[in-house]
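> Below: one structure in structure tokens.
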Amino acid sequence: MKITFIGHGTLMFTFGGKVLHVDPYSKLTDYSVLPKADGVLITHEHQDHLDKEALKHIVTDTTDIVLNGNSAEILGKGRVMKNGDSTELLGINVEAVPAYNIVHKRDNGQPFHPKHQHNGYILTFGDTRIYVAGDTENTPEMKALKDIDVAFLPMNLPYTMTPEMAADGALGFRPKILYPYHYGQTDPGKLVDLLKDSGIEVRVRKLS
């Protein structure tokens, strides 16, 4: 299984001859030259996660799209997953887990990502469990996760987590490998320092 970092909150998994795009975003790259999608995972409906421009280049008649309810309403297709649901996608097990804000909110007091509406996903490739958190903070549900081998945690302020919040979340469920992603102008080196003696391997990749 190969992980390709496109940038921002966007990933591509290649495995067994299949291609799975996660939150494809056309601002980051030319999707017309990327592999067509056998499957697409969309965490939520914000434009940098649900991007019709990117999707038009990679979605075919046979692409299996899994997404949250609001994204399905906008896109007009796809299989809806709610928090707590599980399904099979391209032969892998997918679990939808909560992704939401507790602290960071808009000026009107509404969370940037309300509870019960948006998804993170746990993908099980054989014996390897990968957690793609989506846009979230260090929620109790995150800290209660079990047996995560690889995790992708966002630090895109003010919409998701500070390095301190990401460290707190990671220490709750203790993935073997942690990739900070979707980190905007936040310095991922701070997360490395916070977790340097934790036993969690933090790997930093340059993201646009």
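Lettering and numbering for the structure tokens are positional, with chains as A, B, ... in the shown order, residues counted from 1 in each chain, and ligands counted from 1 in the shown order.
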Run DSSP on the backbone and give me the residues of region 1-137 of chain A it puts in strand (DSSP E or B), as JSON, numbers by chain.

{"A": [2, 3, 4, 5, 6, 7, 10, 11, 12, 13, 14, 15, 18, 19, 20, 21, 22, 39, 40, 41, 42, 64, 65, 66, 67, 79, 80, 86, 87, 88, 89, 92, 93, 94, 95, 96, 97, 98, 99, 105, 111, 118, 119, 120, 121, 122, 123, 124, 125, 128, 129, 130, 131, 132]}

> If you count only C-alpha atoms, which residues fall within 12 Å of Ala133 (chain A), apart from same-chain ones fewer than 2 positions away, as number ranges by chain?

A: 9-11, 22-23, 41-44, 95-100, 118-123, 130-131, 135-139, 141-143, 145, 148, 150-155, 160-161, 166, 169-170, 178-182

> Could you name the residues that touch Val66 (chain A) at 12 Å or less, counting only C-alpha atoms, but leaving out those on the same chain fewer than 3 positions away, as a ChimeraX atom specification?

/A:20-23,37-44,50,63,69-72,75,77-82,85-90,94-96,119-121

> Would you please work out which residue, of A:His113, A:Lys176, A:Lys27, A:Lys190, is nearest to Thr162 (chain A) when using only C-alpha atoms?

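With only C-alpha atoms as the atom set, the closest residue is A:Lys190.
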
> Any idea what the distance is between CA of Val59 (chain A) and CA of Thr128 (chain A)?

26.3 Å
